[in-house]
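Shown next: upload_8.cif, given as mmCIF, C-alpha atoms.
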data_model
#
loop_
_atom_site.label_atom_id
_atom_site.label_comp_id
_atom_site.auth_asym_id
_atom_site.auth_seq_id
_atom_site.Cartn_x
_atom_site.Cartn_y
_atom_site.Cartn_z
CA MET A 232 -82.47 40.16 0.93
CA ALA A 233 -79.00 38.86 1.77
CA GLU A 234 -76.24 41.44 2.12
CA GLN A 235 -74.07 41.81 -0.99
CA LYS A 236 -70.64 40.40 -0.22
CA TRP A 237 -68.72 41.80 -3.18
CA PRO A 238 -67.77 45.51 -3.49
CA ALA A 239 -70.69 47.82 -4.14
CA HIS A 240 -69.06 49.47 -7.15
CA TYR A 241 -69.41 46.22 -9.12
CA GLY A 242 -73.18 46.65 -9.05
CA PRO A 243 -75.74 44.06 -7.90
CA ASP A 244 -75.49 41.78 -10.93
CA LYS A 245 -71.74 41.31 -11.49
CA ARG A 246 -69.13 39.94 -9.16
CA TYR A 247 -66.31 41.78 -10.89
CA TYR A 248 -65.70 45.38 -11.95
CA THR A 249 -66.64 45.55 -15.61
CA TRP A 250 -65.41 48.13 -18.10
CA ASN A 251 -69.04 48.85 -19.00
CA THR A 252 -69.93 49.64 -15.37
CA TYR A 253 -66.87 51.85 -14.99
CA LEU A 254 -67.75 53.86 -18.12
CA ARG A 255 -71.42 54.23 -17.18
CA ASP A 256 -70.42 55.50 -13.74
CA LYS A 257 -67.94 57.95 -15.23
CA PHE A 258 -69.98 59.29 -18.16
CA GLY A 259 -73.54 58.63 -17.01
CA SER A 260 -74.53 56.63 -20.09
CA LYS A 261 -73.43 53.89 -22.46
CA VAL A 262 -70.04 54.50 -24.10
CA PHE A 263 -68.55 52.19 -26.70
CA LYS A 264 -65.13 51.87 -28.27
CA VAL A 265 -64.73 52.32 -32.02
CA PRO A 266 -61.84 50.08 -33.20
CA LEU A 267 -59.51 51.74 -35.71
CA ASP A 268 -56.49 50.87 -37.82
CA GLY A 269 -54.09 53.80 -37.74
CA GLY A 270 -51.86 52.38 -40.46
CA PHE A 271 -48.97 51.64 -38.10
CA ASP A 272 -46.51 48.74 -38.17
CA CYS A 273 -44.83 46.77 -35.38
CA PRO A 274 -41.13 46.55 -34.42
CA ASN A 275 -41.13 42.77 -34.31
CA ARG A 276 -42.59 42.60 -37.80
CA ASP A 277 -40.36 45.06 -39.64
CA GLY A 278 -37.03 43.84 -38.28
CA LYS A 279 -36.32 46.51 -35.68
CA VAL A 280 -36.40 43.91 -32.90
CA ALA A 281 -37.61 40.80 -34.78
CA TRP A 282 -39.34 39.58 -37.91
CA GLY A 283 -42.78 38.11 -38.47
CA GLY A 284 -44.58 39.43 -35.40
CA CYS A 285 -45.95 37.48 -32.43
CA THR A 286 -46.83 33.97 -33.53
CA PHE A 287 -50.48 34.38 -32.47
CA CYS A 288 -50.98 37.70 -34.23
CA SER A 289 -53.19 37.89 -37.31
CA GLN A 290 -52.33 39.53 -40.60
CA LYS A 291 -54.34 42.53 -39.40
CA GLY A 292 -52.21 42.96 -36.30
CA SER A 293 -54.93 41.80 -33.90
CA GLY A 294 -57.21 44.42 -35.42
CA ASP A 295 -59.50 41.97 -37.21
CA PHE A 296 -62.60 43.95 -36.23
CA ALA A 297 -61.04 47.38 -36.76
CA GLY A 298 -61.60 49.72 -39.67
CA ASN A 299 -60.04 49.40 -43.09
CA ARG A 300 -56.57 50.94 -43.07
CA LYS A 301 -57.07 52.02 -46.67
CA ASP A 302 -59.69 54.49 -45.41
CA SER A 303 -58.97 57.71 -43.55
CA LEU A 304 -59.39 57.63 -39.80
CA ALA A 305 -62.44 59.89 -40.08
CA THR A 306 -64.05 57.49 -42.58
CA GLN A 307 -63.16 54.46 -40.47
CA PHE A 308 -64.62 56.08 -37.40
CA LYS A 309 -67.91 56.94 -39.08
CA THR A 310 -68.26 53.50 -40.70
CA ILE A 311 -67.51 51.43 -37.59
CA LYS A 312 -69.53 53.73 -35.34
CA GLU A 313 -72.64 53.33 -37.50
CA GLN A 314 -72.19 49.55 -37.54
CA MET A 315 -71.95 49.45 -33.76
CA LYS A 316 -74.91 51.77 -33.28
CA THR A 317 -77.16 49.02 -34.63
CA LYS A 318 -76.38 47.26 -31.34
CA TRP A 319 -76.46 50.34 -29.13
CA PRO A 320 -78.69 52.81 -31.01
CA HIS A 321 -79.01 55.29 -28.15
CA ALA A 322 -75.31 55.62 -27.40
CA ASP A 323 -73.83 59.01 -28.32
CA LYS A 324 -70.44 58.88 -26.62
CA TYR A 325 -67.48 57.05 -28.10
CA ILE A 326 -63.86 56.16 -27.41
CA GLY A 327 -61.53 56.05 -30.37
CA TYR A 328 -59.71 52.73 -30.07
CA PHE A 329 -56.38 52.47 -31.89
CA GLN A 330 -56.34 48.68 -31.97
CA ALA A 331 -54.38 47.25 -34.90
CA PHE A 332 -50.62 46.70 -34.65
CA THR A 333 -48.48 49.03 -32.44
CA ASN A 334 -50.08 52.42 -32.11
CA THR A 335 -47.18 54.42 -30.66
CA TYR A 336 -44.71 53.12 -33.24
CA ALA A 337 -44.36 56.19 -35.45
CA PRO A 338 -42.82 59.68 -35.36
CA ILE A 339 -44.50 62.01 -32.89
CA ASP A 340 -45.97 64.26 -35.60
CA VAL A 341 -47.67 61.26 -37.23
CA LEU A 342 -49.09 60.12 -33.91
CA ARG A 343 -50.30 63.61 -33.08
CA GLU A 344 -52.13 63.98 -36.39
CA SER A 345 -53.76 60.57 -35.98
CA TYR A 346 -54.90 60.97 -32.39
CA GLU A 347 -56.11 64.54 -32.83
CA THR A 348 -58.11 63.58 -35.93
CA VAL A 349 -60.07 61.04 -33.93
CA LEU A 350 -60.55 63.36 -30.96
CA GLU A 351 -62.17 65.85 -33.35
CA GLN A 352 -64.92 63.39 -34.34
CA GLU A 353 -68.38 64.12 -33.00
CA GLY A 354 -69.18 62.36 -29.73
CA VAL A 355 -65.61 61.21 -28.98
CA VAL A 356 -64.88 61.48 -25.27
CA GLY A 357 -61.39 59.97 -25.31
CA LEU A 358 -58.89 57.50 -26.69
CA SER A 359 -57.69 53.98 -25.98
CA ILE A 360 -54.30 53.22 -27.52
CA ALA A 361 -52.92 49.68 -27.83
CA THR A 362 -49.14 49.38 -27.92
CA ARG A 363 -46.02 47.54 -26.75
CA PRO A 364 -43.86 48.46 -23.74
CA ASP A 365 -40.78 48.84 -25.95
CA CYS A 366 -42.48 51.55 -28.04
CA LEU A 367 -42.70 54.33 -25.47
CA PRO A 368 -39.90 56.82 -26.26
CA ASP A 369 -39.73 59.93 -24.11
CA ASP A 370 -41.29 62.32 -26.66
CA VAL A 371 -44.24 60.00 -27.15
CA VAL A 372 -44.76 59.60 -23.40
CA ALA A 373 -44.64 63.38 -22.99
CA TYR A 374 -47.37 63.78 -25.62
CA LEU A 375 -49.45 61.03 -23.99
CA ALA A 376 -49.13 62.88 -20.69
CA GLU A 377 -50.41 66.02 -22.42
CA LEU A 378 -53.37 64.07 -23.81
CA ASN A 379 -54.07 62.54 -20.41
CA ALA A 380 -54.34 66.03 -18.92
CA ARG A 381 -57.05 67.11 -21.38
CA THR A 382 -59.02 64.03 -22.38
CA PHE A 383 -60.03 60.56 -21.22
CA LEU A 384 -57.09 58.27 -22.06
CA TRP A 385 -56.10 54.64 -21.57
CA LEU A 386 -52.93 52.91 -22.75
CA GLU A 387 -53.43 49.22 -23.48
CA LEU A 388 -50.09 47.53 -22.98
CA GLY A 389 -49.42 44.04 -24.26
CA LEU A 390 -47.78 41.66 -21.80
CA GLN A 391 -49.40 38.30 -22.67
CA THR A 392 -47.29 36.36 -20.13
CA VAL A 393 -44.74 36.99 -17.38
CA HIS A 394 -42.80 33.89 -18.43
CA ASP A 395 -39.90 34.96 -20.63
CA GLU A 396 -39.46 31.45 -22.01
CA THR A 397 -43.01 31.66 -23.40
CA GLY A 398 -42.30 35.15 -24.68
CA ARG A 399 -39.41 33.81 -26.72
CA LEU A 400 -41.56 30.96 -27.99
CA ILE A 401 -44.22 33.34 -29.30
CA ASN A 402 -41.65 35.81 -30.69
CA ARG A 403 -42.76 38.55 -28.32
CA ALA A 404 -39.30 40.20 -28.63
CA HIS A 405 -39.33 41.88 -25.23
CA ASP A 406 -39.04 40.52 -21.71
CA TYR A 407 -41.00 41.04 -18.51
CA ASP A 408 -38.55 43.65 -17.19
CA CYS A 409 -39.22 45.74 -20.30
CA PHE A 410 -42.94 45.60 -19.56
CA VAL A 411 -42.42 46.74 -15.97
CA GLU A 412 -40.31 49.64 -17.22
CA GLY A 413 -43.00 50.60 -19.73
CA VAL A 414 -45.65 50.69 -17.03
CA ALA A 415 -43.43 52.89 -14.87
CA LYS A 416 -42.94 55.39 -17.72
CA LEU A 417 -46.70 55.78 -18.11
CA ARG A 418 -47.62 55.77 -14.43
CA LYS A 419 -45.06 58.51 -13.75
CA HIS A 420 -47.59 60.74 -15.54
CA ASN A 421 -50.67 59.05 -14.03
CA ILE A 422 -51.66 57.58 -17.38
CA PRO A 423 -54.09 54.67 -16.80
CA VAL A 424 -52.77 51.32 -18.02
CA CYS A 425 -54.72 48.27 -19.13
CA VAL A 426 -52.54 45.15 -19.39
CA HIS A 427 -53.30 42.38 -21.89
CA ILE A 428 -52.65 38.76 -20.92
CA ILE A 429 -53.41 35.56 -22.85
CA ASP A 430 -54.50 32.27 -21.34
CA GLY A 431 -53.62 29.17 -23.35
CA LEU A 432 -50.24 30.07 -24.83
CA PRO A 433 -48.02 27.19 -26.07
CA LYS A 434 -46.57 24.93 -23.36
CA GLU A 435 -48.09 26.97 -20.52
CA THR A 436 -49.99 25.23 -17.73
CA PRO A 437 -52.94 26.76 -15.86
CA ALA A 438 -50.57 27.26 -12.91
CA MET A 439 -48.28 29.36 -15.11
CA MET A 440 -51.25 31.39 -16.35
CA LEU A 441 -52.29 32.06 -12.77
CA GLU A 442 -48.73 33.21 -12.02
CA THR A 443 -49.11 35.83 -14.75
CA ALA A 444 -52.29 37.15 -13.14
CA LYS A 445 -50.61 37.18 -9.71
CA ALA A 446 -47.75 39.27 -11.10
CA VAL A 447 -50.16 41.72 -12.75
CA ALA A 448 -52.08 42.02 -9.47
CA LYS A 449 -48.95 43.48 -7.84
CA LEU A 450 -48.29 46.06 -10.58
CA ASP A 451 -49.52 49.64 -10.69
CA VAL A 452 -51.96 48.97 -13.53
CA GLN A 453 -55.59 50.04 -13.49
CA GLY A 454 -57.20 47.54 -15.84
CA ILE A 455 -56.75 44.13 -17.43
CA LYS A 456 -57.86 42.26 -20.53
CA ILE A 457 -57.83 38.50 -20.14
CA HIS A 458 -57.80 36.92 -23.59
CA LEU A 459 -58.40 33.32 -24.49
CA LEU A 460 -55.84 32.23 -27.05
CA HIS A 461 -57.59 31.53 -30.33
CA LEU A 462 -55.67 30.15 -33.28
CA LEU A 463 -56.25 31.81 -36.63
CA LYS A 464 -55.36 30.59 -40.10
CA LYS A 465 -52.21 32.04 -41.70
CA THR A 466 -50.56 32.87 -38.36
CA ALA A 467 -47.11 31.61 -37.42
CA MET A 468 -48.61 29.75 -34.47
CA VAL A 469 -50.27 27.29 -36.85
CA LYS A 470 -46.88 25.61 -37.30
CA GLN A 471 -46.46 25.36 -33.54
CA TYR A 472 -49.91 23.79 -33.32
CA GLU A 473 -49.04 21.27 -36.03
CA LYS A 474 -45.87 20.32 -34.09
CA GLY A 475 -47.95 19.61 -30.97
CA MET A 476 -46.63 22.61 -29.03
CA LEU A 477 -50.13 23.97 -28.44
CA GLN A 478 -53.23 22.37 -26.96
CA PHE A 479 -56.44 24.36 -26.79
CA LEU A 480 -57.95 25.01 -23.38
CA ASP A 481 -61.35 23.40 -22.98
CA PHE A 482 -64.39 25.43 -21.96
CA ASN A 483 -64.54 24.32 -18.32
CA THR A 484 -60.80 24.72 -17.74
CA TYR A 485 -60.92 28.27 -19.07
CA VAL A 486 -63.92 29.22 -16.92
CA GLN A 487 -62.27 27.83 -13.79
CA LEU A 488 -58.98 29.57 -14.61
CA VAL A 489 -60.56 32.99 -15.20
CA CYS A 490 -62.42 32.76 -11.89
CA ASP A 491 -59.15 31.84 -10.16
CA GLN A 492 -57.52 34.89 -11.75
CA LEU A 493 -60.36 37.23 -10.83
CA GLU A 494 -60.21 36.16 -7.21
CA ILE A 495 -56.62 37.36 -6.81
CA LEU A 496 -56.88 40.65 -8.75
CA PRO A 497 -57.35 43.89 -6.76
CA ALA A 498 -60.97 44.83 -6.14
CA ASN A 499 -60.92 48.06 -8.15
CA MET A 500 -58.88 46.84 -11.11
CA ILE A 501 -61.18 47.34 -14.10
CA ILE A 502 -61.91 44.19 -16.09
CA HIS A 503 -61.93 45.32 -19.72
CA ARG A 504 -62.36 41.81 -21.17
CA LEU A 505 -62.63 38.21 -20.00
CA THR A 506 -62.35 36.26 -23.21
CA GLY A 507 -61.42 36.71 -26.85
CA ASP A 508 -62.56 35.53 -30.24
CA GLY A 509 -61.67 35.99 -33.87
CA PRO A 510 -63.33 36.02 -37.29
CA ALA A 511 -65.25 32.77 -37.66
CA ASP A 512 -63.92 32.14 -41.17
CA LEU A 513 -60.31 32.27 -39.90
CA MET A 514 -60.76 30.29 -36.70
CA ILE A 515 -58.96 26.97 -36.22
CA GLY A 516 -59.89 26.72 -32.56
CA PRO A 517 -61.08 26.51 -29.92
CA MET A 518 -64.41 26.89 -31.68
CA TRP A 519 -66.36 27.26 -28.44
CA SER A 520 -64.74 30.68 -28.06
CA LEU A 521 -67.10 32.01 -30.74
CA ASN A 522 -69.95 31.70 -28.22
CA LYS A 523 -68.69 34.63 -26.17
CA TRP A 524 -71.84 35.17 -24.12
CA GLU A 525 -71.94 31.53 -23.09
CA VAL A 526 -68.40 31.91 -21.77
CA LEU A 527 -69.25 35.07 -19.84
CA ASP A 528 -72.43 33.54 -18.43
CA ALA A 529 -70.48 30.48 -17.30
CA ILE A 530 -67.94 32.71 -15.50
CA ASP A 531 -70.81 34.46 -13.70
CA ASP A 532 -72.34 31.12 -12.76
CA GLU A 533 -69.05 29.73 -11.46
CA LEU A 534 -68.43 32.78 -9.27
CA LYS A 535 -71.92 32.34 -7.81
CA ARG A 536 -71.32 28.62 -7.27
CA ARG A 537 -68.09 29.41 -5.40
CA ASP A 538 -69.73 32.28 -3.53
CA SER A 539 -66.79 34.32 -4.78
CA TRP A 540 -65.88 37.57 -6.52
CA GLN A 541 -63.02 39.64 -7.91
CA GLY A 542 -60.55 40.45 -5.15
CA LYS A 543 -61.77 37.89 -2.62
CA PHE A 544 -58.24 36.54 -2.19
CA ALA A 545 -56.25 39.57 -3.39
CA GLU A 546 -53.01 40.33 -1.59
CA ILE A 547 -53.50 43.98 -2.51
CA PRO A 548 -57.26 44.69 -2.05
CA LEU A 549 -57.19 48.03 -3.90
CA GLN A 550 -55.02 49.53 -6.62
CA ASN A 551 -54.27 53.14 -7.53
CA GLN A 552 -56.93 54.74 -9.72
CA ASP A 553 -56.58 58.20 -11.23
#

Will you turn the file into structure tokens for me?
Amino acid sequence: MAEQKWPAHYGPDKRYYTWNTYLRDKFGSKVFKVPLDGGFDCPNRDGKVAWGGCTFCSQKGSGDFAGNRKDSLATQFKTIKEQMKTKWPHADKYIGYFQAFTNTYAPIDVLRESYETVLEQEGVVGLSIATRPDCLPDDVVAYLAELNARTFLWLELGLQTVHDETGRLINRAHDYDCFVEGVAKLRKHNIPVCVHIIDGLPKETPAMMLETAKAVAKLDVQGIKIHLLHLLKKTAMVKQYEKGMLQFLDFNTYVQLVCDQLEILPANMIIHRLTGDGPADLMIGPMWSLNKWEVLDAIDDELKRRDSWQGKFAEIPLQNQD
């Protein structure tokens, strides 16, 4: 048998470091995330920094597969967990995933009650909290540091792009410097950070998307989610699409781009996601994104064809992991 060229911690079957592999190694068994809606808002929806939200964001604040915000967090957790257990019936460890909207955008006592409620649910081993870099006030960061010291914790921090001109176009309402500052606040307390980026944003070229990945590769972040832009009905981006400001990436271009991005990311940066999809009844395009496993299989096949892997061309082979 030929010697494995990619790092051993990826396992024999993947040429990148998957979130699933990382969790299995850490906890010894399958762990899945239970997506929740904590009832929070967002500062670029309510007028604090902007109105209307990011142009790509759905009416559910990118929490289209999360629980119903009309239900309590305990009810949401039980309902979504049981739905997901039909796919993984033997799993008994869970991560509470605060997914919808901005999940540090509330007074500290509200956040504490929400997070602690989920941590009390049976089988929960930790939390994953999605938020914005401009929603990390000192008291919240101090509480997150406390949580990080006693439970498994990840902060998922939205970046989307390093190009500020694109950020303005999508109404992101913060710049790249703000993101870097947000990462620094969290990493000061050794809180693991997963950065979200989106491939296919309006007016961006594949070269620009690769620049975003190159910038992330140099940051002190421990994980990444690479999303494919998918356009949903009733989002502000529909108007941009109708004006010709947005062209969907085709299947092959996306596969090639993701492989290019993987090749320059550090070898132990955890890959939480490599594509994205939305509810089929709301999708405008690209419709091929609904076939998620075909996309992932094609990425695997392309890495094999190239005889390549995550980190093959990384300037920084390894990143800090806590």

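Proximity ranking of A:Leu350, A:Phe410, A:Asn402, A:His321 relative to Thr362 of chain A places A:Phe410 first, based on only C-alpha atoms.
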
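When all atoms listed in the file are used to compute distances to Arg399 of chain A, the closest of the residues A:Leu496, A:Gly284, A:Arg363, A:Arg504 turns out to be A:Gly284.
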
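The closest residue to Gln471 of chain A, picked from A:Tyr336, A:Phe287, A:Tyr374, A:Tyr328 and counting all atoms listed in the file, is A:Phe287.
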
Using the chain letters and numbers from this file, what does the PyMOL selection byres ((chain A and resi 262) around 8) select? Give the answer as a PyMOL selection string.
chain A and resi 251+254-255+258+260-261+263-264+322-326

Quote the spacing between atom CA of Lys535 of chain A and atom CA of His427 of chain A in Å to one decimal place.
25.4 Å

Point-to-point distance from atom CA of Ile429 of chain A to atom CA of Gly389 of chain A, Å rounded to tenths
9.5 Å

What does the PyMOL selection byres ((chain A and resi 513) around 6) select in this file, as a ChimeraX atom specification?
/A:463-464,510-512,514

How many Å lie between atom CA of Asp481 of chain A and atom CA of Glu494 of chain A, rounded to one decimal?
20.3 Å

Might you pull out every residue within 10 Å of Pro368 of chain A, with all atoms listed in the file counted and same-chain residues fewer than 3 positions away left off, and present them as an MDAnalysis selection string?
chainID A and resid 335:336 338:339 364:365 371:373 413 416

With C-alpha atoms kept, could you save the residues just selected as a short mmCIF file (atom, residue, chain, number, x, y, z; two decimals), in the coordinates of the input?
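Once written, again_35.cif looks like this:
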data_model
loop_
_atom_site.label_atom_id
_atom_site.label_comp_id
_atom_site.auth_asym_id
_atom_site.auth_seq_id
_atom_site.Cartn_x
_atom_site.Cartn_y
_atom_site.Cartn_z
CA THR A 335 -47.18 54.42 -30.66
CA TYR A 336 -44.71 53.12 -33.24
CA PRO A 338 -42.82 59.68 -35.36
CA ILE A 339 -44.50 62.01 -32.89
CA PRO A 364 -43.86 48.46 -23.74
CA ASP A 365 -40.78 48.84 -25.95
CA VAL A 371 -44.24 60.00 -27.15
CA VAL A 372 -44.76 59.60 -23.40
CA ALA A 373 -44.64 63.38 -22.99
CA GLY A 413 -43.00 50.60 -19.73
CA LYS A 416 -42.94 55.39 -17.72
#

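Minimum atom-to-atom distances from A:Leu477, A:Leu304, A:Leu521, A:Val452 to Lys419 of chain A were compared using all atoms listed in the file, and the lowest value belongs to A:Val452.
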
Calculated over only C-alpha atoms, which of the candidates A:Val526, A:Arg300, A:Arg343, A:Ile401 has the smallest distance to Val469 of chain A?
A:Ile401

For Ile428 of chain A, list every protein, DNA or RNA residue within 7 Å, evaluated using all atoms listed in the file, and leave out those in the same chain fewer than 2 positions away; present the list as a ChimeraX atom specification.
/A:390-392,426,430,456-458

Any chance you could export the current selection's C-alpha atoms as a PDB file, in the frame of the given file?
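What landed in selection_38.pdb:
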ATOM      1  CA  LEU A 390     -47.780  41.660 -21.800  1.00  0.00           C
ATOM      2  CA  GLN A 391     -49.400  38.300 -22.670  1.00  0.00           C
ATOM      3  CA  THR A 392     -47.290  36.360 -20.130  1.00  0.00           C
ATOM      4  CA  VAL A 426     -52.540  45.150 -19.390  1.00  0.00           C
ATOM      5  CA  ASP A 430     -54.500  32.270 -21.340  1.00  0.00           C
ATOM      6  CA  LYS A 456     -57.860  42.260 -20.530  1.00  0.00           C
ATOM      7  CA  ILE A 457     -57.830  38.500 -20.140  1.00  0.00           C
ATOM      8  CA  HIS A 458     -57.800  36.920 -23.590  1.00  0.00           C
TER       9      HIS A 458
END

Would you write out, as a PDB file with C-alpha atoms, in the coordinates of the input, every residue that the PyMOL selection byres ((chain A and resi 461) around 9) captures in this file?
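Dumped everything to part01.pdb:
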ATOM      1  CA  PHE A 287     -50.480  34.380 -32.470  1.00  0.00           C
ATOM      2  CA  GLY A 431     -53.620  29.170 -23.350  1.00  0.00           C
ATOM      3  CA  HIS A 458     -57.800  36.920 -23.590  1.00  0.00           C
ATOM      4  CA  LEU A 459     -58.400  33.320 -24.490  1.00  0.00           C
ATOM      5  CA  LEU A 460     -55.840  32.230 -27.050  1.00  0.00           C
ATOM      6  CA  LEU A 462     -55.670  30.150 -33.280  1.00  0.00           C
ATOM      7  CA  LEU A 463     -56.250  31.810 -36.630  1.00  0.00           C
ATOM      8  CA  PHE A 479     -56.440  24.360 -26.790  1.00  0.00           C
ATOM      9  CA  GLY A 507     -61.420  36.710 -26.850  1.00  0.00           C
ATOM     10  CA  ASP A 508     -62.560  35.530 -30.240  1.00  0.00           C
ATOM     11  CA  GLY A 509     -61.670  35.990 -33.870  1.00  0.00           C
ATOM     12  CA  MET A 514     -60.760  30.290 -36.700  1.00  0.00           C
ATOM     13  CA  ILE A 515     -58.960  26.970 -36.220  1.00  0.00           C
ATOM     14  CA  GLY A 516     -59.890  26.720 -32.560  1.00  0.00           C
ATOM     15  CA  PRO A 517     -61.080  26.510 -29.920  1.00  0.00           C
ATOM     16  CA  MET A 518     -64.410  26.890 -31.680  1.00  0.00           C
ATOM     17  CA  SER A 520     -64.740  30.680 -28.060  1.00  0.00           C
TER      18      SER A 520
END
